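Source file: data36.pdb; contents: PDB, C-alpha atoms and all ligand atoms.
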```
ATOM      1  CA  MET A 988      30.073  -6.923  -1.455
ATOM      2  CA  GLU A 989      29.185  -4.093   0.912
ATOM      3  CA  ALA A 990      26.339  -1.590   0.549
ATOM      4  CA  LEU A 991      25.429   1.637   2.318
ATOM      5  CA  VAL A 992      21.678   2.274   2.494
ATOM      6  CA  VAL A 993      20.848   5.900   3.300
ATOM      7  CA  GLY A 994      17.484   6.101   5.107
ATOM      8  CA  GLY A 995      16.114   3.715   7.704
ATOM      9  CA  GLY A 996      12.378   4.032   6.919
ATOM     10  CA  ILE A 997      10.303   1.172   5.505
ATOM     11  CA  VAL A 998      11.952   1.488   2.079
ATOM     12  CA  GLY A 999      15.557   1.480   3.359
ATOM     13  CA  LEU A1000      14.749  -1.415   5.684
ATOM     14  CA  ASN A1001      13.289  -3.478   2.842
ATOM     15  CA  VAL A1002      16.369  -2.780   0.732
ATOM     16  CA  ALA A1003      18.760  -3.609   3.578
ATOM     17  CA  LEU A1004      17.035  -6.918   4.333
ATOM     18  CA  ALA A1005      16.802  -7.918   0.673
ATOM     19  CA  LEU A1006      20.507  -7.134   0.215
ATOM     20  CA  ARG A1007      21.417  -9.136   3.285
ATOM     21  CA  GLU A1008      19.373 -12.113   2.036
ATOM     22  CA  ALA A1009      21.315 -11.905  -1.233
ATOM     23  CA  GLY A1010      24.598 -12.170   0.706
ATOM     24  CA  TRP A1011      25.576  -8.492   0.897
ATOM     25  CA  GLY A1012      27.043  -6.749   3.919
ATOM     26  CA  VAL A1013      24.776  -3.756   4.702
ATOM     27  CA  THR A1014      25.028  -0.611   6.812
ATOM     28  CA  LEU A1015      22.068   1.733   7.285
ATOM     29  CA  VAL A1016      22.750   5.457   7.553
ATOM     30  CA  ASP A1017      20.117   7.586   9.296
ATOM     31  CA  PRO A1018      20.422  10.494  11.729
ATOM     32  CA  GLN A1019      17.620   9.344  13.984
ATOM     33  CA  ASN A1020      15.363   6.594  15.197
ATOM     34  CA  ARG A1021      12.099   8.245  14.235
ATOM     35  CA  ARG A1022       8.717   7.278  15.592
ATOM     36  CA  GLY A1023       7.235   7.500  12.107
ATOM     37  CA  LEU A1024       3.852   6.300  10.814
ATOM     38  CA  ALA A1025       2.079   4.302  13.553
ATOM     39  CA  VAL A1026      -0.242   2.073  11.521
ATOM     40  CA  ALA A1027       0.243   1.239   7.844
ATOM     41  CA  MET A1028      -2.386   0.051   5.430
ATOM     42  CA  VAL A1029      -1.244  -2.351   2.748
ATOM     43  CA  ASN A1030      -4.151  -1.866   0.386
ATOM     44  CA  PRO A1031      -3.825  -2.081  -3.411
ATOM     45  CA  VAL A1032      -7.176  -0.372  -4.160
ATOM     46  CA  ARG A1033      -6.850   3.381  -3.998
ATOM     47  CA  GLY A1034      -8.951   6.507  -4.041
ATOM     48  CA  ARG A1035     -12.589   7.277  -4.575
ATOM     49  CA  ARG A1036     -12.608   5.679  -8.038
ATOM     50  CA  GLY A1037     -11.073   2.381  -6.946
ATOM     51  CA  SER A1038      -7.834   2.454  -8.923
ATOM     52  CA  VAL A1039      -5.900  -0.770  -8.518
ATOM     53  CA  VAL A1040      -2.116  -0.540  -8.126
ATOM     54  CA  PRO A1041      -0.825  -2.090 -11.398
ATOM     55  CA  GLU A1042       1.575  -4.558  -9.761
ATOM     56  CA  ALA A1043      -0.716  -5.514  -6.901
ATOM     57  CA  GLY A1044      -0.899  -9.177  -7.946
ATOM     58  CA  GLU A1045       2.837  -9.560  -7.325
ATOM     59  CA  ALA A1046       3.367  -6.930  -4.634
ATOM     60  CA  LEU A1047       0.622  -7.870  -2.161
ATOM     61  CA  PRO A1048       1.595 -11.525  -1.528
ATOM     62  CA  LEU A1049       5.271 -10.534  -1.336
ATOM     63  CA  ALA A1050       4.554  -7.765   1.195
ATOM     64  CA  ALA A1051       2.507 -10.245   3.267
ATOM     65  CA  ALA A1052       5.340 -12.800   3.156
ATOM     66  CA  VAL A1053       8.028 -10.261   4.131
ATOM     67  CA  TYR A1054       6.104  -8.501   6.928
ATOM     68  CA  GLY A1055       4.470 -11.708   8.158
ATOM     69  CA  ARG A1056       7.924 -12.886   9.273
ATOM     70  CA  PHE A1057       8.056 -10.018  11.783
ATOM     71  CA  LEU A1058       4.530  -9.600  13.167
ATOM     72  CA  PRO A1059       0.883 -10.610  12.712
ATOM     73  CA  LEU A1060      -0.904  -9.182   9.676
ATOM     74  CA  HIS A1061      -4.465  -7.964  10.180
ATOM     75  CA  ARG A1062      -6.215  -9.044   7.013
ATOM     76  CA  GLY A1063      -9.278  -7.602   5.379
ATOM     77  CA  VAL A1064     -10.284  -4.064   4.441
ATOM     78  CA  ARG A1065     -13.897  -2.897   4.161
ATOM     79  CA  ARG A1066     -14.427  -0.209   1.535
ATOM     80  CA  PRO A1067     -17.858   1.422   1.163
ATOM     81  CA  VAL A1068     -18.489   2.501  -2.454
ATOM     82  CA  GLU A1069     -20.992   5.157  -3.533
ATOM     83  CA  PRO A1070     -23.837   3.680  -5.655
ATOM     84  CA  GLU A1071     -22.951   5.744  -8.744
ATOM     85  CA  LEU A1072     -19.363   4.410  -8.703
ATOM     86  CA  ARG A1073     -20.093   0.718  -8.173
ATOM     87  CA  ALA A1074     -20.172  -0.261 -11.856
ATOM     88  CA  LYS A1075     -16.718   1.337 -12.379
ATOM     89  CA  TRP A1076     -15.324  -0.390  -9.303
ATOM     90  CA  ARG A1077     -16.719  -3.732 -10.492
ATOM     91  CA  ARG A1078     -15.006  -3.386 -13.880
ATOM     92  CA  LYS A1079     -11.656  -2.373 -12.380
ATOM     93  CA  LEU A1080     -11.655  -5.087  -9.757
ATOM     94  CA  GLU A1081     -12.720  -7.798 -12.204
ATOM     95  CA  GLN A1082      -9.838  -6.880 -14.527
ATOM     96  CA  SER A1083      -7.366  -6.982 -11.634
ATOM     97  CA  GLN A1084      -5.794  -9.880  -9.773
ATOM     98  CA  VAL A1085      -7.013  -8.516  -6.438
ATOM     99  CA  ALA A1086      -9.253 -10.833  -4.403
ATOM    100  CA  HIS A1087     -12.520  -9.095  -3.551
ATOM    101  CA  ALA A1088     -16.146  -9.667  -2.699
ATOM    102  CA  TRP A1089     -19.185  -7.383  -2.637
ATOM    103  CA  ARG A1090     -21.110  -7.163   0.613
ATOM    104  CA  GLU A1091     -24.154  -5.009  -0.002
ATOM    105  CA  GLY A1092     -22.614  -1.656  -1.007
ATOM    106  CA  ASP A1093     -19.167  -2.424   0.362
ATOM    107  CA  VAL A1094     -16.189  -4.036  -1.264
ATOM    108  CA  TRP A1095     -14.385  -6.497   0.995
ATOM    109  CA  LEU A1096     -10.685  -6.976   0.222
ATOM    110  CA  PRO A1097      -9.700 -10.159   2.084
ATOM    111  CA  GLU A1098      -5.974 -10.062   1.195
ATOM    112  CA  ALA A1099      -5.355  -6.387   1.972
ATOM    113  CA  PHE A1100      -4.098  -5.799   5.514
ATOM    114  CA  TRP A1101      -2.828  -3.380   8.141
ATOM    115  CA  VAL A1102       0.250  -3.627  10.336
ATOM    116  CA  GLU A1103       1.555  -1.939  13.486
ATOM    117  CA  ALA A1104       4.159  -0.033  11.498
ATOM    118  CA  ARG A1105       6.382   1.098  14.397
ATOM    119  CA  THR A1106       6.726  -2.444  15.707
ATOM    120  CA  LEU A1107       7.359  -3.707  12.182
ATOM    121  CA  ARG A1108      10.144  -1.211  11.497
ATOM    122  CA  ALA A1109      11.785  -1.817  14.883
ATOM    123  CA  ARG A1110      11.789  -5.573  14.283
ATOM    124  CA  MET A1111      13.071  -5.238  10.721
ATOM    125  CA  ALA A1112      15.876  -2.949  11.951
ATOM    126  CA  ALA A1113      16.977  -5.237  14.790
ATOM    127  CA  GLY A1114      20.482  -6.545  14.089
ATOM    128  CA  LEU A1115      21.138  -4.304  11.078
ATOM    129  CA  PRO A1116      24.367  -2.279  11.496
ATOM    130  CA  ARG A1117      23.523   1.436  11.576
ATOM    131  CA  VAL A1118      25.526   4.646  11.497
ATOM    132  CA  LEU A1119      23.706   7.552  13.137
ATOM    133  CA  GLY A1120      24.434  10.434  10.787
ATOM    134  CA  ARG A1121      22.954  12.741   8.165
ATOM    135  CA  ALA A1122      24.255  12.349   4.623
ATOM    136  CA  VAL A1123      25.099  15.679   3.016
ATOM    137  CA  ALA A1124      26.599  14.296  -0.211
ATOM    138  CA  TRP A1125      26.640  10.931  -1.907
ATOM    139  CA  GLY A1126      27.920   9.102  -4.959
ATOM    140  CA  ALA A1127      28.399   5.640  -6.431
ATOM    141  CA  THR A1128      30.588   4.314  -3.613
ATOM    142  CA  GLN A1129      30.635   6.888  -0.844
ATOM    143  CA  VAL A1130      28.505   8.957   1.483
ATOM    144  CA  GLN A1131      29.646  12.098   3.250
ATOM    145  CA  LEU A1132      28.056  12.825   6.602
ATOM    146  CA  ALA A1133      27.437  16.193   8.267
ATOM    147  CA  GLY A1134      30.611  16.801  10.243
ATOM    148  CA  GLY A1135      32.814  15.500   7.433
ATOM    149  CA  ARG A1136      33.023  11.744   8.054
ATOM    150  CA  VAL A1137      33.075   9.750   4.802
ATOM    151  CA  LEU A1138      31.676   6.208   4.559
ATOM    152  CA  ARG A1139      32.641   3.913   1.663
ATOM    153  CA  ALA A1140      31.140   0.757   0.182
ATOM    154  CA  ASP A1141      30.854  -1.090  -3.139
ATOM    155  CA  ARG A1142      27.391   0.377  -3.726
ATOM    156  CA  VAL A1143      25.256   3.193  -2.293
ATOM    157  CA  VAL A1144      21.442   3.144  -2.237
ATOM    158  CA  TRP A1145      19.554   6.362  -1.476
ATOM    159  CA  ALA A1146      16.266   5.580   0.333
ATOM    160  CA  ALA A1147      15.851   8.784   2.340
ATOM    161  CA  GLY A1148      12.131   9.356   1.636
ATOM    162  CA  ALA A1149      10.477  12.741   1.177
ATOM    163  CA  GLU A1150      12.980  14.492   3.407
ATOM    164  CA  GLY A1151      15.942  13.303   1.332
ATOM    165  CA  ALA A1152      14.284  13.518  -2.092
ATOM    166  CA  SER A1153      15.771  16.910  -2.965
ATOM    167  CA  MET A1154      19.235  15.290  -2.961
ATOM    168  CA  THR A1155      18.294  12.824  -5.724
ATOM    169  CA  GLY A1156      17.428  15.080  -8.686
ATOM    170  CA  VAL A1157      14.443  12.792  -9.343
ATOM    171  CA  GLY A1158      11.566  15.286  -8.997
ATOM    172  CA  GLY A1159       8.061  14.283  -7.969
ATOM    173  CA  ARG A1160       5.563  15.940  -5.675
ATOM    174  CA  TYR A1161       4.843  16.006  -1.988
ATOM    175  CA  SER A1162       1.672  15.572  -0.020
ATOM    176  CA  ALA A1163       1.544  16.291   3.684
ATOM    177  CA  GLY A1164      -0.878  14.564   5.993
ATOM    178  CA  SER A1165      -1.491  13.306   9.497
ATOM    179  CA  GLN A1166      -2.391  10.140  11.276
ATOM    180  CA  LEU A1167      -4.549  10.565  14.378
ATOM    181  CA  LEU A1168      -4.059   8.123  17.208
ATOM    182  CA  VAL A1169      -7.386   7.419  18.864
ATOM    183  CA  ALA A1170      -8.651   5.752  22.031
ATOM    184  CA  GLU A1171     -10.863   3.294  20.111
ATOM    185  CA  HIS A1172      -9.512   0.133  18.487
ATOM    186  CA  PHE A1173     -10.492  -1.038  14.996
ATOM    187  CA  PRO A1174      -9.405  -4.646  14.484
ATOM    188  CA  VAL A1175     -10.918  -4.674  10.988
ATOM    189  CA  ALA A1176      -9.767  -1.854   8.728
ATOM    190  CA  SER A1177     -12.189   0.298   6.779
ATOM    191  CA  ALA A1178     -11.533   3.127   4.361
ATOM    192  CA  HIS A1179     -13.539   5.865   2.710
ATOM    193  CA  GLY A1180     -12.118   9.401   2.717
ATOM    194  CA  VAL A1181      -9.963   8.343   5.671
ATOM    195  CA  TYR A1182      -8.906   4.917   6.864
ATOM    196  CA  ALA A1183      -9.487   3.518  10.341
ATOM    197  CA  ALA A1184      -7.338   0.607  11.513
ATOM    198  CA  SER A1185      -5.945  -0.485  14.864
ATOM    199  CA  HIS A1186      -5.879   2.688  17.007
ATOM    200  CA  ALA A1187      -5.366   5.102  14.094
ATOM    201  CA  VAL A1188      -7.258   7.232  11.599
ATOM    202  CA  GLY A1189      -5.261   8.460   8.615
ATOM    203  CA  GLY A1190      -5.869  10.615   5.597
ATOM    204  CA  SER A1191      -4.995  13.747   3.801
ATOM    205  CA  TYR A1192      -6.903  16.689   2.454
ATOM    206  CA  LEU A1193      -4.039  19.132   1.969
ATOM    207  CA  PRO A1194      -3.013  20.113  -1.575
ATOM    208  CA  HIS A1195       0.127  18.680  -3.204
ATOM    209  CA  SER A1196       3.269  20.733  -3.260
ATOM    210  CA  GLU A1197       6.326  20.812  -5.521
ATOM    211  CA  ARG A1198       8.719  21.102  -2.549
ATOM    212  CA  TYR A1199       9.306  19.186   0.635
ATOM    213  CA  THR A1200       8.473  21.083   3.818
ATOM    214  CA  PRO A1201       8.377  19.322   7.207
ATOM    215  CA  HIS A1202       4.749  19.017   8.216
ATOM    216  CA  VAL A1203       3.074  20.036  11.465
ATOM    217  CA  THR A1204      -0.548  18.938  11.885
ATOM    218  CA  ARG A1205      -3.050  21.773  11.458
ATOM    219  CA  TYR A1206      -6.234  22.161  13.436
ATOM    220  CA  GLY A1207      -8.316  21.987  10.243
ATOM    221  CA  GLU A1208      -6.829  18.593   9.377
ATOM    222  CA  VAL A1209      -7.919  17.090  12.688
ATOM    223  CA  ALA A1210     -11.442  18.474  12.262
ATOM    224  CA  TRP A1211     -11.573  17.101   8.700
ATOM    225  CA  MET A1212     -10.344  13.649   9.732
ATOM    226  CA  LEU A1213     -12.835  13.438  12.599
ATOM    227  CA  ALA A1214     -15.711  14.423  10.291
ATOM    228  CA  LYS A1215     -14.667  11.810   7.686
ATOM    229  CA  ALA A1216     -14.212   9.216  10.421
ATOM    230  CA  ARG A1217     -17.744   9.943  11.652
ATOM    231  CA  ASP A1218     -19.102   9.330   8.124
ATOM    232  CA  LEU A1219     -17.166   6.066   7.881
ATOM    233  CA  LEU A1220     -17.678   4.671  11.388
ATOM    234  CA  GLY A1221     -20.921   6.273  12.534
ATOM    235  CA  PHE A1222     -19.228   8.030  15.469
ATOM    236  CA  SER A1223     -16.384  10.443  16.086
ATOM    237  CA  PRO A1224     -13.339   8.719  17.615
ATOM    238  CA  THR A1225     -11.404  10.230  20.538
ATOM    239  CA  PRO A1226      -7.963  11.579  19.579
ATOM    240  CA  THR A1227      -5.061  10.729  21.898
ATOM    241  CA  GLY A1228      -2.137  11.828  19.733
ATOM    242  CA  VAL A1229      -1.039  12.619  16.213
ATOM    243  CA  TRP A1230       1.781  11.887  13.764
ATOM    244  CA  ALA A1231       2.463  14.258  10.865
ATOM    245  CA  GLY A1232       4.350  13.251   7.730
ATOM    246  CA  VAL A1233       4.916  13.924   4.042
ATOM    247  CA  ARG A1234       4.496  11.507   1.150
ATOM    248  CA  TRP A1235       6.855  11.686  -1.835
ATOM    249  CA  ARG A1236       5.214  10.588  -5.055
ATOM    250  CA  THR A1237       6.847  10.052  -8.443
ATOM    251  CA  GLU A1238       5.069   8.962 -11.592
ATOM    252  CA  GLY A1239       5.032   5.162 -11.507
ATOM    253  CA  ARG A1240       8.820   4.697 -11.552
ATOM    254  CA  TYR A1241      10.507   4.022  -8.267
ATOM    255  CA  LEU A1242      14.100   3.029  -9.147
ATOM    256  CA  TYR A1243      16.565   5.550 -10.559
ATOM    257  CA  GLN A1244      20.281   5.454 -11.229
ATOM    258  CA  ARG A1245      21.996   8.708 -10.285
ATOM    259  CA  GLY A1246      25.740   9.336 -10.535
ATOM    260  CA  GLY A1247      26.476   5.624 -10.308
ATOM    261  CA  GLY A1248      24.406   5.218  -7.141
ATOM    262  CA  TRP A1249      20.781   4.127  -6.886
ATOM    263  CA  VAL A1250      17.650   5.910  -5.661
ATOM    264  CA  ILE A1251      14.546   4.040  -4.529
ATOM    265  CA  GLY A1252      11.376   5.839  -3.443
ATOM    266  CA  GLY A1253       8.478   8.011  -4.522
ATOM    267  CA  PHE A1254       5.843   5.416  -3.569
ATOM    268  CA  GLY A1255       3.391   7.880  -2.010
ATOM    269  CA  SER A1256       0.816   5.991   0.039
ATOM    270  CA  THR A1257       1.816   2.611  -1.366
ATOM    271  CA  ALA A1258       5.270   2.443   0.269
ATOM    272  CA  TYR A1259       4.446  -0.531   2.488
ATOM    273  CA  LEU A1260       2.834  -2.373  -0.441
ATOM    274  CA  LEU A1261       5.498  -1.779  -3.088
ATOM    275  CA  ALA A1262       8.784  -1.488  -1.148
ATOM    276  CA  PRO A1263       9.379  -5.275  -0.813
ATOM    277  CA  LEU A1264       8.893  -5.790  -4.574
ATOM    278  CA  TYR A1265      11.064  -2.866  -5.642
ATOM    279  CA  ALA A1266      13.745  -3.676  -3.052
ATOM    280  CA  ARG A1267      14.090  -7.110  -4.677
ATOM    281  CA  ARG A1268      14.203  -5.603  -8.162
ATOM    282  CA  LEU A1269      16.921  -3.235  -7.014
ATOM    283  CA  VAL A1270      18.965  -6.048  -5.487
ATOM    284  CA  GLU A1271      18.719  -8.001  -8.783
ATOM    285  CA  ARG A1272      20.151  -4.988 -10.627
ATOM    286  CA  LEU A1273      22.896  -4.428  -8.054
ATOM    287  CA  SER A1274      23.857  -8.087  -8.068
ATOM    288  CA  GLY A1275      23.582  -8.545 -11.860
TER     289      GLY A1275
HETATM  290  C1  LIG B1301      -0.796  10.741   6.867
HETATM  291  C2  LIG B1301      -0.039   9.679   6.144
HETATM  292  C3  LIG B1301      -0.517   8.395   6.149
HETATM  293  C4  LIG B1301       0.166   7.392   5.450
HETATM  294  N1  LIG B1301      -0.346   6.134   5.452
HETATM  295  C5  LIG B1301       0.300   5.166   4.778
HETATM  296  C6  LIG B1301      -0.203   3.830   4.761
HETATM  297  O1  LIG B1301      -1.226   3.520   5.393
HETATM  298  N2  LIG B1301       0.470   2.885   4.037
HETATM  299  C7  LIG B1301       1.612   3.207   3.346
HETATM  300  O2  LIG B1301       2.168   2.326   2.686
HETATM  301  N3  LIG B1301       2.110   4.451   3.364
HETATM  302  C8  LIG B1301       1.485   5.429   4.049
HETATM  303  N4  LIG B1301       1.983   6.698   4.065
HETATM  304  C9  LIG B1301       3.200   6.990   3.285
HETATM  305  C10 LIG B1301       4.380   6.522   4.032
HETATM  306  O3  LIG B1301       4.452   7.091   5.326
HETATM  307  C11 LIG B1301       5.639   6.912   3.277
HETATM  308  O4  LIG B1301       5.439   6.794   1.908
HETATM  309  C12 LIG B1301       6.727   6.004   3.703
HETATM  310  O5  LIG B1301       7.022   6.258   5.050
HETATM  311  C13 LIG B1301       7.944   6.239   2.846
HETATM  312  O6  LIG B1301       8.956   5.435   3.381
HETATM  313  P1  LIG B1301      10.441   5.823   3.147
HETATM  314  O7  LIG B1301      11.266   4.769   3.801
HETATM  315  O8  LIG B1301      10.660   6.095   1.690
HETATM  316  O9  LIG B1301      10.625   7.246   3.846
HETATM  317  P2  LIG B1301      10.649   7.674   5.376
HETATM  318  O10 LIG B1301       9.746   6.860   6.210
HETATM  319  O11 LIG B1301      10.484   9.158   5.367
HETATM  320  O12 LIG B1301      12.132   7.329   5.825
HETATM  321  C14 LIG B1301      13.225   8.035   5.293
HETATM  322  C15 LIG B1301      14.352   7.994   6.307
HETATM  323  O13 LIG B1301      15.487   8.651   5.722
HETATM  324  C16 LIG B1301      16.112   9.436   6.701
HETATM  325  N5  LIG B1301      16.822  10.529   6.031
HETATM  326  C17 LIG B1301      16.298  11.608   5.395
HETATM  327  N6  LIG B1301      17.272  12.393   4.911
HETATM  328  C18 LIG B1301      18.444  11.788   5.246
HETATM  329  C19 LIG B1301      19.809  12.110   5.027
HETATM  330  N7  LIG B1301      20.175  13.222   4.391
HETATM  331  N8  LIG B1301      20.768  11.262   5.514
HETATM  332  C20 LIG B1301      20.404  10.125   6.171
HETATM  333  N9  LIG B1301      19.126   9.765   6.382
HETATM  334  C21 LIG B1301      18.160  10.590   5.949
HETATM  335  C22 LIG B1301      14.996   9.937   7.601
HETATM  336  O14 LIG B1301      15.496  10.220   8.912
HETATM  337  C23 LIG B1301      14.044   8.742   7.611
HETATM  338  O15 LIG B1301      14.238   7.879   8.700
HETATM  339  C24 LIG B1301       1.363   7.709   4.756
HETATM  340  C25 LIG B1301       1.874   9.001   4.793
HETATM  341  C26 LIG B1301       1.187   9.981   5.475
HETATM  342  C27 LIG B1301       1.746  11.368   5.500
END
```
Rewrite the structure from the file as structure tokens, please.
Ligand SMILES: Cc1cc2nc3c(=O)[nH]c(=O)nc-3n(C[C@H](O)[C@H](O)[C@H](O)COP(=O)(O)OP(=O)(O)OC[C@H]3O[C@@H](n4cnc5c(N)ncnc54)[C@H](O)[C@@H]3O)c2cc1C
Amino acid sequence: MEALVVGGGIVGLNVALALREAGWGVTLVDPQNRRGLAVAMVNPVRGRRGSVVPEAGEALPLAAAVYGRFLPLHRGVRRPVEPELRAKWRRKLEQSQVAHAWREGDVWLPEAFWVEARTLRARMAAGLPRVLGRAVAWGATQVQLAGGRVLRADRVVWAAGAEGASMTGVGGRYSAGSQLLVAEHFPVASAHGVYAASHAVGGSYLPHSERYTPHVTRYGEVAWMLAKARDLLGFSPTPTGVWAGVRWRTEGRYLYQRGGGWVIGGFGSTAYLLAPLYARRLVERLSG
């Protein structure tokens, strides 16, 4: 069986590799080799109130197993928690399957990790057949590219992220943000307002939007990230570059059947955590 996977980001790559492991022939379709997110956190505890991703117990070890085949994982995330929120965090973490320990006012998450995301994606993509092209229409067994070329396969999977979401009919919302590259290096990740890991500081203070618009980093975002980083780290890191992107978030469902083809996505900031799990679920459905 042959599959076309539209989108060569972390989600499309997870799908392509899971399909290949299940014995499928796979071709990725993407118009570009993008630089993309530089450093990815794989952290199941989210937000100021410490919400735990519902499937973290299954998703986190799987993500570690999949990515650990390609590069070293940098384990452990330090998460300061405000005193008035600690009781809530304790309850949520105790009810979850997420390993954690309290160190004074901080939560230490020993299984959460960060990865060099550009290296990871390049290594995952190595050896996967790829057609450089932009899909302008798609269906159960074919994809039409800009310029008119038509590709065919037994199955089509749409994994084209925020940029391609409008061609799925799935809905959802979009949140733009930036990752600052900095001169300093943080071997141990920490997060509060922003996250700092490796040579990056990431976060987002812009409002959600109902439509996808390509994002360009604004001056105010950089100032906000540096102020949050100063609160977290005790000093203001030195920016050396920036990556701007858009998250696509749907409401807790990440697999959709559309016109006989499949859509996977909408993971928001948990794409690196959840993509390996949902790629496997998708392959089970395609193979079943
Ligand atoms: C500031 C910021 C920080 C973030 N930090 C993290 C983090 O620490 N951890 C984490 O897990 N997530 C993080 N995210 C979210 C993460 O970047 C995305 O959720 C993730 O990249 C989504 O992966 P994807 O493969 O679905 O989409 P993408 O990475 O957007 O890849 C989609 C691919 O599809 C291609 N494509 C689009 N349209 C078409 C088309 N018509 N035809 C063919 N190909 C097409 C694009 O070229 C692209 O390569 C962050 C996002 C932002 C903005």
Which residues fall under the PyMOL selection byres (((chain A and resi 989) around 10) and not hetatm) in this file, as an mmCIF file with C-alpha atoms, in the coordinates of the input?
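Output file result_30.cif follows:
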```cif
data_model
loop_
_atom_site.group_PDB
_atom_site.id
_atom_site.type_symbol
_atom_site.label_atom_id
_atom_site.label_comp_id
_atom_site.auth_asym_id
_atom_site.auth_seq_id
_atom_site.Cartn_x
_atom_site.Cartn_y
_atom_site.Cartn_z
ATOM 1 C CA MET A 988 30.073 -6.923 -1.455
ATOM 2 C CA ALA A 990 26.339 -1.590 0.549
ATOM 3 C CA LEU A 991 25.429 1.637 2.318
ATOM 4 C CA VAL A 992 21.678 2.274 2.494
ATOM 5 C CA LEU A 1006 20.507 -7.134 0.215
ATOM 6 C CA ARG A 1007 21.417 -9.136 3.285
ATOM 7 C CA GLY A 1010 24.598 -12.170 0.706
ATOM 8 C CA TRP A 1011 25.576 -8.492 0.897
ATOM 9 C CA GLY A 1012 27.043 -6.749 3.919
ATOM 10 C CA VAL A 1013 24.776 -3.756 4.702
ATOM 11 C CA THR A 1014 25.028 -0.611 6.812
ATOM 12 C CA THR A 1128 30.588 4.314 -3.613
ATOM 13 C CA ARG A 1139 32.641 3.913 1.663
ATOM 14 C CA ALA A 1140 31.140 0.757 0.182
ATOM 15 C CA ASP A 1141 30.854 -1.090 -3.139
ATOM 16 C CA ARG A 1142 27.391 0.377 -3.726
ATOM 17 C CA VAL A 1143 25.256 3.193 -2.293
#
```
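With the shown file loaded, the PyMOL selection byres (((chain A and resi 1087) around 12) and not hetatm) picks out Asn1030, Pro1031, Val1032, Val1039, Gly1063, Val1064, Arg1065, Arg1066, Trp1076, Arg1077, Lys1079, Leu1080, Glu1081, Gln1082, Ser1083, Gln1084, Val1085, Ala1086, Ala1088, Trp1089, Arg1090, Asp1093, Val1094, Trp1095, Leu1096, Pro1097, Glu1098 and Ala1099 of chain A.
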Please produce a file of those selected residues containing C-alpha atoms, as a PDB file, in the coordinates of the input.
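Result file again28.pdb:
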```
ATOM      1  CA  ASN A1030      -4.151  -1.866   0.386  1.00  0.00           C
ATOM      2  CA  PRO A1031      -3.825  -2.081  -3.411  1.00  0.00           C
ATOM      3  CA  VAL A1032      -7.176  -0.372  -4.160  1.00  0.00           C
ATOM      4  CA  VAL A1039      -5.900  -0.770  -8.518  1.00  0.00           C
ATOM      5  CA  GLY A1063      -9.278  -7.602   5.379  1.00  0.00           C
ATOM      6  CA  VAL A1064     -10.284  -4.064   4.441  1.00  0.00           C
ATOM      7  CA  ARG A1065     -13.897  -2.897   4.161  1.00  0.00           C
ATOM      8  CA  ARG A1066     -14.427  -0.209   1.535  1.00  0.00           C
ATOM      9  CA  TRP A1076     -15.324  -0.390  -9.303  1.00  0.00           C
ATOM     10  CA  ARG A1077     -16.719  -3.732 -10.492  1.00  0.00           C
ATOM     11  CA  LYS A1079     -11.656  -2.373 -12.380  1.00  0.00           C
ATOM     12  CA  LEU A1080     -11.655  -5.087  -9.757  1.00  0.00           C
ATOM     13  CA  GLU A1081     -12.720  -7.798 -12.204  1.00  0.00           C
ATOM     14  CA  GLN A1082      -9.838  -6.880 -14.527  1.00  0.00           C
ATOM     15  CA  SER A1083      -7.366  -6.982 -11.634  1.00  0.00           C
ATOM     16  CA  GLN A1084      -5.794  -9.880  -9.773  1.00  0.00           C
ATOM     17  CA  VAL A1085      -7.013  -8.516  -6.438  1.00  0.00           C
ATOM     18  CA  ALA A1086      -9.253 -10.833  -4.403  1.00  0.00           C
ATOM     19  CA  ALA A1088     -16.146  -9.667  -2.699  1.00  0.00           C
ATOM     20  CA  TRP A1089     -19.185  -7.383  -2.637  1.00  0.00           C
ATOM     21  CA  ARG A1090     -21.110  -7.163   0.613  1.00  0.00           C
ATOM     22  CA  ASP A1093     -19.167  -2.424   0.362  1.00  0.00           C
ATOM     23  CA  VAL A1094     -16.189  -4.036  -1.264  1.00  0.00           C
ATOM     24  CA  TRP A1095     -14.385  -6.497   0.995  1.00  0.00           C
ATOM     25  CA  LEU A1096     -10.685  -6.976   0.222  1.00  0.00           C
ATOM     26  CA  PRO A1097      -9.700 -10.159   2.084  1.00  0.00           C
ATOM     27  CA  GLU A1098      -5.974 -10.062   1.195  1.00  0.00           C
ATOM     28  CA  ALA A1099      -5.355  -6.387   1.972  1.00  0.00           C
TER      29      ALA A1099
END
```
To test your reading of the syntax: which residues would the PyMOL selection byres (((chain A and resi 1206-1216) around 10) and not hetatm) return for the file shown? Reply as an MDAnalysis selection string. chainID A and resid 1164:1167 1177:1183 1188:1193 1203:1205 1217:1226 1229
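Take the candidates A:Phe1100, A:Trp1230, A:Trp1125, A:Trp1145 and check each one against A:Ala1266 using all atoms listed in the file; the shortest distance goes to A:Trp1145.
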Taking all atoms of stretch 1091-1095 of chain A that the file lists and extending 3 Å past them on each side, where is the centre of the axis-aligned box and how long are its edges? Answer in Å to one decimal, as lines of an AutoDock Vina configuration file.
```
center_x = -19.3
center_y = -4.1
center_z = -0.1
size_x = 15.8
size_y = 10.8
size_z = 8.3
```
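Between A:Ser1153 and the residues A:Leu1060, A:Val1250, A:Ala1176, A:Val1068, the shortest atom-to-atom distance, using only C-alpha atoms, involves A:Val1250.
Counting from atom CA of A:Val1002, the distance to atom CA of A:Gly1135 is 25.5 Å.
In this structure, atom CA of A:Ser1038 sits 17.3 Å away from atom CA of A:Gly1092.
Atom CA of A:Gly1239 is found 9.3 Å from atom CA of A:Pro1041.
For the residues A:Leu1273, A:His1186, A:His1172, A:Gly1126, ranking by smallest atom-to-atom distance to A:Gly1246 using only C-alpha atoms places A:Gly1126 first.
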